[in-house]
Every structure is written in C-alpha cells, then in structure tokens.
$ cat my_file39.csv   # CSV, C-alpha atoms
chain,number,residue,atom,x,y,z
T,1,MET,CA,289.9,155.2,45.8
T,2,LYS,CA,291.0,153.6,49.0
T,3,LYS,CA,294.0,156.0,49.1
T,4,ILE,CA,291.7,159.0,48.7
T,5,PHE,CA,289.5,157.7,51.5
T,6,PHE,CA,292.5,157.2,53.8
T,7,VAL,CA,293.8,160.8,53.1
T,8,LEU,CA,290.3,162.2,53.9
T,9,CYS,CA,290.2,160.3,57.1
T,10,VAL,CA,293.6,161.6,58.1
T,11,LEU,CA,292.6,165.2,57.3
T,12,CYS,CA,289.3,164.9,59.2
T,13,ALA,CA,291.2,163.5,62.2
T,14,ALA,CA,293.7,166.3,62.1
T,15,MET,CA,290.9,168.9,61.8
T,16,MET,CA,289.2,167.4,64.8
T,17,GLN,CA,292.4,167.4,66.8
T,18,ALA,CA,292.9,171.1,65.9
T,19,GLN,CA,289.4,172.0,67.2
T,20,GLU,CA,289.5,173.8,70.6
T,21,TYR,CA,287.6,172.5,73.5
T,22,SER,CA,285.1,174.8,75.1
T,23,LEU,CA,284.1,174.5,78.8
T,24,VAL,CA,280.5,173.4,79.2
T,25,TRP,CA,280.4,172.7,82.9
T,26,ASN,CA,282.3,173.9,85.9
T,27,GLU,CA,281.8,172.7,89.6
T,28,ASP,CA,284.0,174.6,92.1
T,29,PHE,CA,282.0,173.8,95.3
T,30,THR,CA,281.9,177.4,96.4
T,31,ASP,CA,278.1,177.8,96.8
T,32,GLY,CA,278.1,176.8,100.5
T,33,SER,CA,276.1,173.6,100.0
T,34,LEU,CA,276.3,170.6,97.6
T,35,ASP,CA,274.0,171.1,94.6
T,36,CYS,CA,271.4,168.4,95.1
T,37,ASN,CA,270.3,168.9,91.5
T,38,VAL,CA,273.7,167.6,90.4
T,39,TRP,CA,275.1,165.4,93.2
T,40,ASN,CA,273.7,162.3,94.9
T,41,ILE,CA,275.3,161.3,98.2
T,42,GLU,CA,275.4,157.6,98.4
T,43,VAL,CA,274.2,155.9,101.7
T,44,ASN,CA,275.0,152.2,101.9
T,45,GLY,CA,277.3,149.6,103.4
T,46,ASP,CA,277.2,147.1,100.6
T,47,GLY,CA,281.0,147.1,100.0
T,48,GLY,CA,280.8,148.4,96.5
T,49,GLY,CA,281.0,144.9,95.0
T,50,ASN,CA,284.7,144.8,96.2
T,51,ASN,CA,284.3,143.7,99.9
T,52,GLU,CA,285.1,147.3,101.0
T,53,LEU,CA,284.9,148.0,104.7
T,54,GLN,CA,283.2,151.4,104.9
T,55,TYR,CA,279.7,152.5,105.3
T,56,TYR,CA,279.0,155.4,102.9
T,57,CYS,CA,276.9,158.1,104.6
T,58,GLU,CA,276.1,161.8,104.7
T,59,LYS,CA,278.7,162.4,107.4
T,60,GLY,CA,281.5,161.3,105.1
T,61,VAL,CA,280.6,164.1,102.6
T,62,SER,CA,281.0,167.8,103.3
T,63,LEU,CA,282.0,171.1,101.7
T,64,GLY,CA,284.8,173.0,103.5
T,65,VAL,CA,288.3,174.4,103.3
T,66,GLU,CA,291.4,172.4,102.7
T,67,PRO,CA,293.7,173.5,105.6
T,68,SER,CA,297.0,174.1,103.9
T,69,THR,CA,295.7,176.1,100.8
T,70,GLY,CA,292.4,177.6,102.0
T,71,LYS,CA,290.7,176.2,98.9
T,72,GLN,CA,287.0,175.6,99.2
T,73,CYS,CA,286.5,171.9,98.3
T,74,LEU,CA,284.2,168.9,98.2
T,75,ILE,CA,285.6,166.7,101.1
T,76,LEU,CA,285.2,163.0,101.3
T,77,THR,CA,286.3,161.8,104.8
T,78,ALA,CA,287.1,158.2,106.0
T,79,THR,CA,286.8,157.7,109.8
T,80,GLN,CA,287.4,154.5,111.9
T,81,GLU,CA,284.2,154.2,114.0
T,82,ASN,CA,281.4,151.8,114.6
T,83,TYR,CA,278.4,152.7,112.4
T,84,GLN,CA,275.5,150.6,111.0
T,85,GLY,CA,277.4,147.4,111.6
T,86,LYS,CA,280.6,148.6,110.0
T,87,GLN,CA,283.8,149.7,111.6
T,88,CYS,CA,284.4,152.8,109.5
T,89,THR,CA,282.5,155.5,107.5
T,90,SER,CA,283.4,157.4,104.4
T,91,GLY,CA,282.0,159.4,101.5
T,92,ARG,CA,280.9,158.7,97.9
T,93,VAL,CA,279.0,161.0,95.5
T,94,ASN,CA,277.8,160.6,92.0
T,95,THR,CA,275.9,162.6,89.3
T,96,LYS,CA,273.7,159.7,88.1
T,97,HIS,CA,270.5,160.9,86.2
T,98,ASN,CA,271.5,164.5,87.0
T,99,LEU,CA,274.6,165.1,85.0
T,100,HIS,CA,275.9,162.9,82.2
T,101,TYR,CA,277.8,163.4,79.0
T,102,THR,CA,279.3,161.6,76.0
T,103,TYR,CA,282.8,162.5,74.8
T,104,GLY,CA,284.9,165.5,75.8
T,105,LYS,CA,287.7,166.4,78.2
T,106,ILE,CA,287.1,166.1,81.9
T,107,GLU,CA,289.5,167.5,84.5
T,108,ALA,CA,289.6,167.4,88.3
T,109,ARG,CA,291.9,169.1,90.7
T,110,ILE,CA,292.3,166.7,93.7
T,111,LYS,CA,294.3,166.4,96.8
T,112,PHE,CA,294.6,162.7,97.6
T,113,PRO,CA,294.9,161.4,101.2
T,114,LYS,CA,297.9,159.4,102.5
T,115,THR,CA,296.6,156.0,101.4
T,116,ALA,CA,299.1,153.6,103.0
T,117,ASN,CA,297.8,151.2,103.9
T,118,GLY,CA,294.1,150.6,103.2
T,119,LEU,CA,292.6,153.7,101.6
T,120,TRP,CA,291.3,153.7,98.1
T,121,PRO,CA,290.4,157.1,96.6
T,122,ALA,CA,289.0,157.1,93.1
T,123,PHE,CA,287.6,159.5,90.5
T,124,TRP,CA,285.7,157.6,87.8
T,125,GLN,CA,282.6,157.2,85.7
T,126,LEU,CA,279.9,154.6,84.8
T,127,GLY,CA,277.5,154.3,81.9
T,128,GLU,CA,274.2,156.1,82.5
T,129,ASN,CA,272.4,152.9,81.3
T,130,ILE,CA,273.6,150.8,84.3
T,131,ASP,CA,270.0,150.4,85.6
T,132,ASP,CA,269.0,148.9,82.3
T,133,VAL,CA,272.0,146.7,81.5
T,134,GLY,CA,273.8,146.3,84.8
T,135,TRP,CA,277.6,146.2,85.4
T,136,PRO,CA,279.9,145.6,83.6
T,137,ARG,CA,277.7,146.0,80.4
T,138,CYS,CA,277.3,149.7,81.1
T,139,GLY,CA,281.1,150.2,81.0
T,140,GLU,CA,283.4,151.6,83.7
T,141,THR,CA,286.1,154.2,83.2
T,142,ASP,CA,288.5,154.6,86.1
T,143,ILE,CA,290.2,158.0,85.5
T,144,ILE,CA,292.4,157.5,88.6
T,145,GLU,CA,292.6,155.1,91.5
T,146,MET,CA,295.2,155.0,94.3
T,147,GLY,CA,295.8,152.5,97.1
T,148,HIS,CA,296.5,149.2,95.2
T,149,LYS,CA,298.4,146.6,97.1
T,150,ASP,CA,301.2,146.7,94.5
T,151,GLY,CA,302.1,150.1,95.7
T,152,TYR,CA,302.9,149.0,99.2
T,153,ASN,CA,306.5,149.1,100.5
T,154,GLY,CA,306.8,152.9,100.4
T,155,ARG,CA,305.4,153.5,96.9
T,156,GLN,CA,301.8,154.3,97.8
T,157,ASP,CA,302.1,158.1,97.4
T,158,ARG,CA,303.0,157.7,93.7
T,159,TYR,CA,301.5,154.4,92.5
T,160,PHE,CA,298.2,154.7,90.7
T,161,ASN,CA,296.3,153.5,87.6
T,162,GLY,CA,293.6,154.3,85.0
T,163,ALA,CA,291.4,151.5,83.6
T,164,LEU,CA,288.5,150.5,81.4
T,165,HIS,CA,286.1,147.7,82.3
T,166,LEU,CA,283.4,146.0,80.3
T,167,GLY,CA,281.9,142.6,79.7
T,168,SER,CA,278.8,140.4,79.7
T,169,ALA,CA,278.7,139.6,83.5
T,170,TRP,CA,280.6,140.3,86.7
T,171,ASN,CA,282.7,137.1,86.3
T,172,THR,CA,283.5,137.7,82.6
T,173,VAL,CA,284.9,141.2,82.8
T,174,TRP,CA,287.4,142.4,80.3
T,175,GLN,CA,289.6,145.1,81.7
T,176,ASP,CA,292.5,147.3,80.6
T,177,ALA,CA,294.3,148.6,83.7
T,178,GLN,CA,297.5,150.6,83.2
T,179,ALA,CA,299.4,151.2,86.5
T,180,HIS,CA,302.3,153.6,87.0
T,181,GLU,CA,304.8,154.6,89.6
T,182,TRP,CA,305.1,158.3,89.2
T,183,SER,CA,308.3,160.3,89.5
T,184,TYR,CA,307.0,162.4,92.4
T,185,SER,CA,304.5,162.2,95.2
T,186,LEU,CA,300.8,162.6,94.3
T,187,GLN,CA,299.7,162.8,97.9
T,188,ASP,CA,301.4,166.0,98.9
T,189,THR,CA,299.2,168.7,97.4
T,190,PHE,CA,296.6,169.2,94.7
T,191,HIS,CA,297.1,167.5,91.3
T,192,ILE,CA,295.1,167.8,88.1
T,193,VAL,CA,293.9,164.6,86.4
T,194,THR,CA,292.7,164.9,82.8
T,195,MET,CA,290.8,162.5,80.6
T,196,ILE,CA,290.2,163.1,76.9
T,197,TRP,CA,287.4,160.8,75.6
T,198,THR,CA,286.7,160.8,71.9
T,199,PRO,CA,284.8,158.3,69.6
T,200,THR,CA,288.1,156.5,68.9
T,201,SER,CA,290.2,156.7,72.0
T,202,VAL,CA,290.5,157.4,75.7
T,203,ASP,CA,293.6,159.2,77.1
T,204,MET,CA,294.4,160.1,80.7
T,205,TYR,CA,297.0,162.6,81.9
T,206,MET,CA,298.6,163.7,85.2
T,207,ASP,CA,299.4,167.3,85.8
T,208,LYS,CA,299.1,168.3,82.2
T,209,ASP,CA,298.7,171.9,83.3
T,210,ALA,CA,302.2,172.1,84.8
T,211,HIS,CA,303.8,169.5,82.5
T,212,PRO,CA,302.1,169.8,79.0
T,213,GLU,CA,304.8,167.5,77.6
T,214,ASN,CA,303.6,164.6,79.8
T,215,SER,CA,302.5,161.5,77.8
T,216,PRO,CA,299.2,159.9,78.8
T,217,TYR,CA,299.4,157.5,81.7
T,218,PHE,CA,296.5,155.6,80.1
T,219,HIS,CA,295.7,155.1,76.5
T,220,ALA,CA,293.1,152.8,74.9
T,221,ASP,CA,291.7,152.7,71.4
T,222,LEU,CA,287.9,152.3,71.2
T,223,GLU,CA,287.8,149.4,68.7
T,224,PRO,CA,284.5,147.9,67.4
T,225,ASN,CA,283.7,144.2,68.1
T,226,ASP,CA,281.0,141.8,66.9
T,227,ASP,CA,280.0,141.1,70.5
T,228,ASP,CA,278.2,144.1,71.8
T,229,ASN,CA,279.2,143.4,75.4
T,230,TYR,CA,282.9,143.7,74.4
T,231,ASN,CA,282.6,146.4,71.7
T,232,ARG,CA,284.6,149.2,73.2
T,233,GLN,CA,283.4,151.7,70.6
T,234,LEU,CA,279.8,150.9,71.4
T,235,VAL,CA,280.0,150.5,75.2
T,236,PHE,CA,282.2,153.6,75.6
T,237,GLY,CA,280.2,155.6,73.1
T,238,LYS,CA,277.3,156.2,75.5
T,239,THR,CA,276.6,158.7,78.2
T,240,ASN,CA,278.4,158.4,81.5
T,241,PHE,CA,278.0,160.0,84.9
T,242,ILE,CA,280.7,161.0,87.4
T,243,ILE,CA,281.6,159.3,90.7
T,244,ALA,CA,284.1,160.3,93.4
T,245,ASN,CA,284.7,158.2,96.5
T,246,LEU,CA,287.1,157.3,99.2
T,247,ALA,CA,286.9,153.6,99.9
T,248,VAL,CA,288.4,151.8,102.8
T,249,GLY,CA,290.0,148.3,102.3
T,250,GLY,CA,288.6,145.7,99.9
T,251,ASN,CA,289.9,143.8,97.0
T,252,PHE,CA,291.9,146.6,95.5
T,253,PRO,CA,294.1,147.2,98.6
T,254,GLN,CA,293.6,143.6,99.5
T,255,ILE,CA,292.8,144.5,103.1
T,256,TRP,CA,289.6,143.1,104.7
T,257,ASP,CA,290.3,143.7,108.4
T,258,ILE,CA,290.0,147.2,109.8
T,259,LYS,CA,292.9,146.5,112.1
T,260,ASN,CA,295.2,146.4,109.0
T,261,VAL,CA,294.1,149.8,107.7
T,262,THR,CA,297.2,151.7,108.9
T,263,ALA,CA,296.0,154.9,107.2
T,264,LEU,CA,293.4,155.6,109.8
T,265,GLU,CA,295.4,154.7,112.9
T,266,SER,CA,296.1,158.4,113.7
T,267,GLY,CA,292.7,159.7,112.8
T,268,SER,CA,290.4,160.5,109.9
T,269,ARG,CA,291.7,161.0,106.4
T,270,SER,CA,290.1,163.2,103.6
T,271,MET,CA,290.1,163.5,99.9
T,272,TYR,CA,289.7,167.1,98.7
T,273,ILE,CA,288.3,168.0,95.3
T,274,ASP,CA,288.9,171.7,94.4
T,275,TRP,CA,287.0,171.6,91.1
T,276,ILE,CA,285.7,169.5,88.2
T,277,ARG,CA,285.3,170.7,84.6
T,278,ILE,CA,284.0,169.2,81.4
T,279,TYR,CA,284.9,170.6,78.0
T,280,GLN,CA,283.6,169.6,74.6
T,281,ARG,CA,284.5,170.3,71.0
T,282,GLY,CA,281.6,169.0,68.8
T,283,ASP,CA,282.6,165.3,68.3
T,284,THR,CA,280.0,163.2,66.4
T,285,ASN,CA,277.3,161.9,68.8
T,286,GLN,CA,278.6,164.2,71.6
T,287,SER,CA,276.0,164.9,74.3
T,288,PHE,CA,275.8,166.8,77.6
T,289,HIS,CA,273.0,167.0,80.1
T,290,CYS,CA,272.9,168.9,83.4
T,291,ALA,CA,269.9,169.2,85.7
T,292,SER,CA,271.3,172.5,87.1
T,293,PRO,CA,271.9,174.7,84.1
T,294,SER,CA,273.1,177.6,86.2
T,295,ASP,CA,276.4,175.7,86.8
T,296,GLU,CA,277.3,175.7,83.1
T,297,ILE,CA,279.3,178.9,83.0
T,298,GLU,CA,282.1,179.1,80.6
T,299,PRO,CA,282.9,180.7,77.4
T,300,ASP,CA,286.3,182.4,77.1
T,301,ASN,CA,287.5,185.8,78.2
T,302,GLY,CA,287.2,187.2,74.6
T,303,THR,CA,283.5,187.4,75.0
T,304,VAL,CA,282.2,191.0,74.7
T,305,GLY,CA,278.8,192.6,75.0
T,306,ILE,CA,276.0,190.9,73.1
T,307,GLU,CA,273.1,192.1,71.0
T,308,GLN,CA,269.7,192.3,72.5
T,309,THR,CA,268.3,190.0,69.8
T,310,ASP,CA,270.5,187.2,71.1
T,311,ILE,CA,268.8,187.2,74.5
T,312,ASP,CA,265.7,185.7,72.8
T,313,LYS,CA,267.8,182.6,72.0
T,314,VAL,CA,268.4,181.7,75.7
T,315,GLU,CA,267.0,178.2,76.6
T,316,SER,CA,267.4,176.7,80.0
T,317,GLY,CA,269.7,179.4,81.1
T,318,LYS,CA,272.2,178.8,78.2
T,319,LEU,CA,273.1,181.2,75.3
T,320,LEU,CA,275.5,180.5,72.5
T,321,HIS,CA,277.0,183.7,71.2
T,322,ASN,CA,279.6,183.6,68.5
T,323,GLY,CA,280.1,179.9,69.3
T,324,ARG,CA,280.7,180.6,73.0
T,325,LEU,CA,278.6,179.5,75.9
T,326,LEU,CA,277.2,182.1,78.2
T,327,ILE,CA,275.0,181.5,81.2
T,328,ARG,CA,272.0,183.4,82.5
T,329,ARG,CA,271.8,183.5,86.3
T,330,ASN,CA,269.6,185.9,88.3
T,331,ASP,CA,268.9,187.9,85.2
T,332,ASN,CA,272.6,188.4,84.4
T,333,LEU,CA,274.9,186.8,81.8
T,334,TYR,CA,278.3,185.6,82.8
T,335,ASP,CA,281.5,184.7,81.0
T,336,ALA,CA,284.3,182.2,81.8
T,337,THR,CA,285.5,183.9,84.9
T,338,GLY,CA,282.1,184.7,86.3
T,339,ARG,CA,282.3,188.3,85.1
T,340,ILE,CA,278.9,189.8,84.2
T,341,ILE,CA,278.5,190.4,80.5
T,342,PRO,CA,276.8,193.8,79.7
T,343,ILE,CA,273.5,193.6,77.9
T,344,PRO,CA,272.9,196.8,75.9
$ encode --input "my_file39.csv" --output "structure tokens"
Amino acid sequence: MKKIFFVLCVLCAAMMQAQEYSLVWNEDFTDGSLDCNVWNIEVNGDGGGNNELQYYCEKGVSLGVEPSTGKQCLILTATQENYQGKQCTSGRVNTKHNLHYTYGKIEARIKFPKTANGLWPAFWQLGENIDDVGWPRCGETDIIEMGHKDGYNGRQDRYFNGALHLGSAWNTVWQDAQAHEWSYSLQDTFHIVTMIWTPTSVDMYMDKDAHPENSPYFHADLEPNDDDNYNRQLVFGKTNFIIANLAVGGNFPQIWDIKNVTALESGSRSMYIDWIRIYQRGDTNQSFHCASPSDEIEPDNGTVGIEQTDIDKVESGKLLHNGRLLIRRNDNLYDATGRIIPIP
C-alpha cells in the first residue's frame, strides 16, 4: 500500500511539473504614471530595521527611460543629500494590500546599479499577514539582494544572494541565505531573476531566459514543523506581496557612515526595473489578487476570436477562454501581446 501511495505521489508531482504556467499579471511601467491601485511608495527614514542610512521618499521613485537601452522603467534612485535628518534619499515601493499571491513563478527584468561600496538593491516579498503577526512570523523571501560586505574587494558586481527568513521574534530568526559569486557581471545591463514557488519548494534562477540550463542559485524545501513559527510549509504557504528597494548602507553592507558609501561619490545611482510578471499553474491553495484588474493581460498568442456567449462570463475585467486569461479594457479584449481579440 505504501509503495502504491509513493508511486501516486511521484506521478502527481510529475504531472504538476509538466503543467504549463500561464501569465496572470504583467507590469511593464509604460502607462506614464505609477499605478497607485497596485503600488505604494514608502515614505520613512526608519532604517528598515537594518540601520540603513536613506530616507525613502517620493523623489526616489519615478518612471522613466533607462539611458543605454531606451526601456521605459520603474526607477529607484539613491542620492547623497540632506533630507529629513538623513544624509541620503532613495526609493522603495511595495504592493501591500493591493497585489498579493500564493505560489507561482515571478520574474523581474532588472538593471542593478554599481553597488560598491554601500548600495543594497533588493527585489523580495513579505507575507501579507505582517500587520497581524509581525516580522519574522509573516515570512520573508529575498529573491535577490546585492551589496553584501562579503562581495567587497572587486566582487560586488557579481556577488548576490537569495534567502528565506522566518521565526518567532526579531532576535530568534531562522534564515537560509545562499550567496553566490556569479561568473559574469550582473551590474552591466538588464538581467532576469526568476523565482518558482510551489507548496513544496522555492527555487530562484538567474538569466534563465538566456541560459535555460542554469541551476537554481537558491533552493529550499518547504518542510512542515510542529512549531508554527518555524513551519516553512505553513509560513511560506500564505499570500505574499512584492517589494523593490534601493537601500543605502546598513547591516547588510556593514556601512553606517555616509562618508564610506563610495557608490554615491560621483553622483546618484539608480536601479531600473523593466517589467515584473507573475505566472501560475493551478497549484493547490494557489491564490492571486490584484486591485487593478486591467493590468492582468496575458493568455498566449494562440488565442483566437471568442464566442459572444463567453462575454457574459467576464468578472472584474477578466475572462477565461479555453483555459486562457483575456482582459477587458476600454470595451476591448486583449491577448498576451496586447493585441485586440475580435468579438464577433
């Protein structure tokens, strides 16, 4: 009986792996202004719990063009200046309460700034229940961070890590941080980071588009535990929201004096995010919520004209047609590329 059960589990796992992911949300920052139905701009100088030096404010967040490629991006900019009692400003945004999800594949195309020494760019997520249970009980998933002190001495452009954090209190945190020195620079142009989050594991990849053979730079099994605060399967089985920020100094780079932040000596530095995408495939207890449904635009290019009767099934701007997601915007329906789908 146990052998039969094991075989069934293996078969189910293989079938799930074979399932294709479908895009459920795409943010390409081309609308001219940041969607306030999705994004919150953080305004504070509390140091992020890490003794960081910056004051996060609106001036550190903008939409604009990345100079070398012409790509329209979300731009987070760190500047050395006196502001609200701090000696530098920067940008941090999140989707708390507006967009959150459980399980799936999330990808972001990012151009990181030159970090050495003192800058700390990050793309990550937190449990949506943070207001109720606090940190670290909510769980933290660091998809990518750069700027750690261990990357000094000429390695900052290729030294990075992914990590999970959870625990019962700030001084009892369990973490799994997996650092890497990559074989090429990650601070030269845009790079795609990917996280695949399932009920049983978390895997993170670098440049999987250009190098599909790449192994994950981070892997963790989401194992159950009798202590709910350290139960990875429980903590990381709940909804999360997205965060992107460019911190200056603090415990991660181990720089607490603006005079030692060499990265800003010649002027401001920016982190450019070209796009962010979330895909899902129907995992058990999967969830997705977005307060701006018009941003959810993505079936595949195989979609064709749809029957008039299907239009009645549209709810909150979304339509499932043959298992694919279409989006209604301004009385039109769109496919994966933004192409209008004809309605007979």
$ atom_distance --input "my_file39.csv" --atom1 "CA of Gly147 in chain T" --atom2 "CA of Tyr159 in chain T"
7.6 Å
$ closest_residue --input "my_file39.csv" --among "T:Trp124, T:Asn117, T:Asn231, T:Leu164" --to "Thr262 in chain T" --atoms "all atoms listed in the file"
T:Asn117
$ atom_distance --input "my_file39.csv" --atom1 "CA of Phe29 in chain T" --atom2 "CA of Leu63 in chain T"
6.9 Å
$ atom_distance --input "my_file39.csv" --atom1 "CA of Lys59 in chain T" --atom2 "CA of Cys36 in chain T"
15.5 Å
$ residues_around --input "my_file39.csv" --residues "Glu66 in chain T" --least-positions-apart "3" --cutoff "10 Å" --atoms "all atoms listed in the file" --output "VMD selection string"
chain T and resid 63 69 to 75 111 270 to 274
$ residues_around --input "my_file39.csv" --residues "range 165-180 of chain T" --least-positions-apart "6" --cutoff "12 Å" --atoms "all atoms listed in the file" --output "number ranges by chain"
T: 49-50, 124-127, 130, 133-151, 155-159, 186, 202-206, 216-222, 225, 227-236
$ closest_residue --input "my_file39.csv" --among "T:Ala108, T:Val65, T:Leu99, T:Met195" --to "Ser287 in chain T" --atoms "only C-alpha atoms"
T:Leu99
$ axis_aligned_box --input "my_file39.csv" --around "range 195-204 of chain T" --padding-each-side "4 Å" --output "AutoDock Vina command-line options"
--center_x 289.6 --center_y 159.8 --center_z 74.8 --size_x 17.6 --size_y 14.6 --size_z 19.8
$ residues_around --input "my_file39.csv" --residues "range 79-95 of chain T" --least-positions-apart "3" --cutoff "9 Å" --atoms "all atoms listed in the file" --output "NGL selection string"
:T and (37-43 or 45 or 53-62 or 75-76 or 98-100 or 125 or 241-248 or 258 or 264-265 or 267-270)
$ closest_residue --input "my_file39.csv" --among "T:Leu119, T:Ala163, T:Ile278, T:Ala78" --to "Phe252 in chain T" --atoms "all atoms listed in the file"
T:Leu119
$ closest_residue --input "my_file39.csv" --among "T:Lys259, T:His191, T:Lys114, T:Arg277" --to "Tyr101 in chain T" --atoms "only C-alpha atoms"
T:Arg277
$ closest_residue --input "my_file39.csv" --among "T:Trp25, T:Trp256, T:Trp120, T:Tyr103" --to "Gly282 in chain T" --atoms "only C-alpha atoms"
T:Tyr103
$ closest_residue --input "my_file39.csv" --among "T:Glu181, T:Asp131, T:Glu223, T:Asp35" --to "Gly154 in chain T" --atoms "all atoms listed in the file"
T:Glu181
$ decode --input "my_file39.csv" --residues "range 270-279 of chain T" --atoms "all heavy atoms" --output "compact mmCIF listing (two decimals), in the first residue's frame"
# COMPACT_ATOMS: atom_id res chain seq x y z
N SER T 270 20.96 54.56 -9.77
CA SER T 270 19.57 54.10 -9.94
C SER T 270 19.48 52.62 -10.22
O SER T 270 20.37 52.03 -10.86
CB SER T 270 18.90 54.86 -11.09
OG SER T 270 18.79 56.24 -10.81
N MET T 271 18.40 52.04 -9.75
CA MET T 271 18.01 50.66 -10.04
C MET T 271 16.82 50.74 -11.00
O MET T 271 15.82 51.41 -10.71
CB MET T 271 17.62 49.97 -8.72
CG MET T 271 17.00 48.59 -8.84
SD MET T 271 16.62 47.98 -7.15
CE MET T 271 15.80 46.43 -7.52
N TYR T 272 16.94 50.08 -12.16
CA TYR T 272 15.91 50.14 -13.19
C TYR T 272 15.17 48.80 -13.27
O TYR T 272 15.81 47.75 -13.41
CB TYR T 272 16.52 50.44 -14.55
CG TYR T 272 17.19 51.80 -14.66
CD1 TYR T 272 18.54 51.95 -14.33
CD2 TYR T 272 16.49 52.91 -15.10
CE1 TYR T 272 19.16 53.19 -14.43
CE2 TYR T 272 17.11 54.16 -15.20
CZ TYR T 272 18.44 54.29 -14.86
OH TYR T 272 19.06 55.51 -14.96
N ILE T 273 13.84 48.84 -13.20
CA ILE T 273 13.04 47.62 -13.35
C ILE T 273 12.21 47.76 -14.62
O ILE T 273 11.32 48.61 -14.71
CB ILE T 273 12.14 47.39 -12.12
CG1 ILE T 273 13.00 47.30 -10.85
CG2 ILE T 273 11.32 46.11 -12.31
CD1 ILE T 273 12.19 47.09 -9.59
N ASP T 274 12.51 46.94 -15.61
CA ASP T 274 11.84 46.99 -16.91
C ASP T 274 10.43 46.42 -16.80
O ASP T 274 9.46 47.03 -17.28
CB ASP T 274 12.68 46.21 -17.93
CG ASP T 274 12.10 46.27 -19.34
OD1 ASP T 274 11.20 47.09 -19.58
OD2 ASP T 274 12.56 45.50 -20.20
N TRP T 275 10.31 45.24 -16.19
CA TRP T 275 8.99 44.63 -16.01
C TRP T 275 9.01 43.60 -14.90
O TRP T 275 10.07 43.12 -14.49
CB TRP T 275 8.46 44.01 -17.30
CG TRP T 275 9.38 43.10 -18.07
CD1 TRP T 275 10.02 43.37 -19.23
CD2 TRP T 275 9.76 41.73 -17.74
NE1 TRP T 275 10.77 42.29 -19.66
CE2 TRP T 275 10.62 41.27 -18.76
CE3 TRP T 275 9.44 40.86 -16.71
CZ2 TRP T 275 11.17 39.98 -18.77
CZ3 TRP T 275 9.99 39.59 -16.70
CH2 TRP T 275 10.84 39.16 -17.72
N ILE T 276 7.80 43.27 -14.41
CA ILE T 276 7.59 42.20 -13.41
C ILE T 276 6.41 41.38 -13.89
O ILE T 276 5.38 41.93 -14.31
CB ILE T 276 7.30 42.78 -12.01
CG1 ILE T 276 8.42 43.72 -11.55
CG2 ILE T 276 7.09 41.65 -11.00
CD1 ILE T 276 8.07 44.49 -10.29
N ARG T 277 6.52 40.06 -13.80
CA ARG T 277 5.44 39.17 -14.27
C ARG T 277 5.21 38.05 -13.27
O ARG T 277 6.16 37.53 -12.68
CB ARG T 277 5.80 38.58 -15.64
CG ARG T 277 5.93 39.62 -16.73
CD ARG T 277 6.53 39.07 -18.00
NE ARG T 277 6.71 40.13 -18.99
CZ ARG T 277 7.43 40.02 -20.09
NH1 ARG T 277 8.07 38.88 -20.35
NH2 ARG T 277 7.54 41.03 -20.94
N ILE T 278 3.95 37.70 -13.10
CA ILE T 278 3.57 36.56 -12.26
C ILE T 278 2.82 35.55 -13.10
O ILE T 278 1.88 35.91 -13.83
CB ILE T 278 2.70 37.01 -11.07
CG1 ILE T 278 3.49 37.94 -10.14
CG2 ILE T 278 2.19 35.79 -10.28
CD1 ILE T 278 2.66 38.51 -9.00
N TYR T 279 3.24 34.29 -13.00
CA TYR T 279 2.61 33.18 -13.70
C TYR T 279 2.09 32.18 -12.66
O TYR T 279 2.71 32.01 -11.60
CB TYR T 279 3.60 32.45 -14.60
CG TYR T 279 4.33 33.28 -15.62
CD1 TYR T 279 5.39 34.10 -15.24
CD2 TYR T 279 3.99 33.22 -16.97
CE1 TYR T 279 6.08 34.86 -16.18
CE2 TYR T 279 4.69 33.96 -17.92
CZ TYR T 279 5.73 34.78 -17.52
OH TYR T 279 6.42 35.52 -18.44
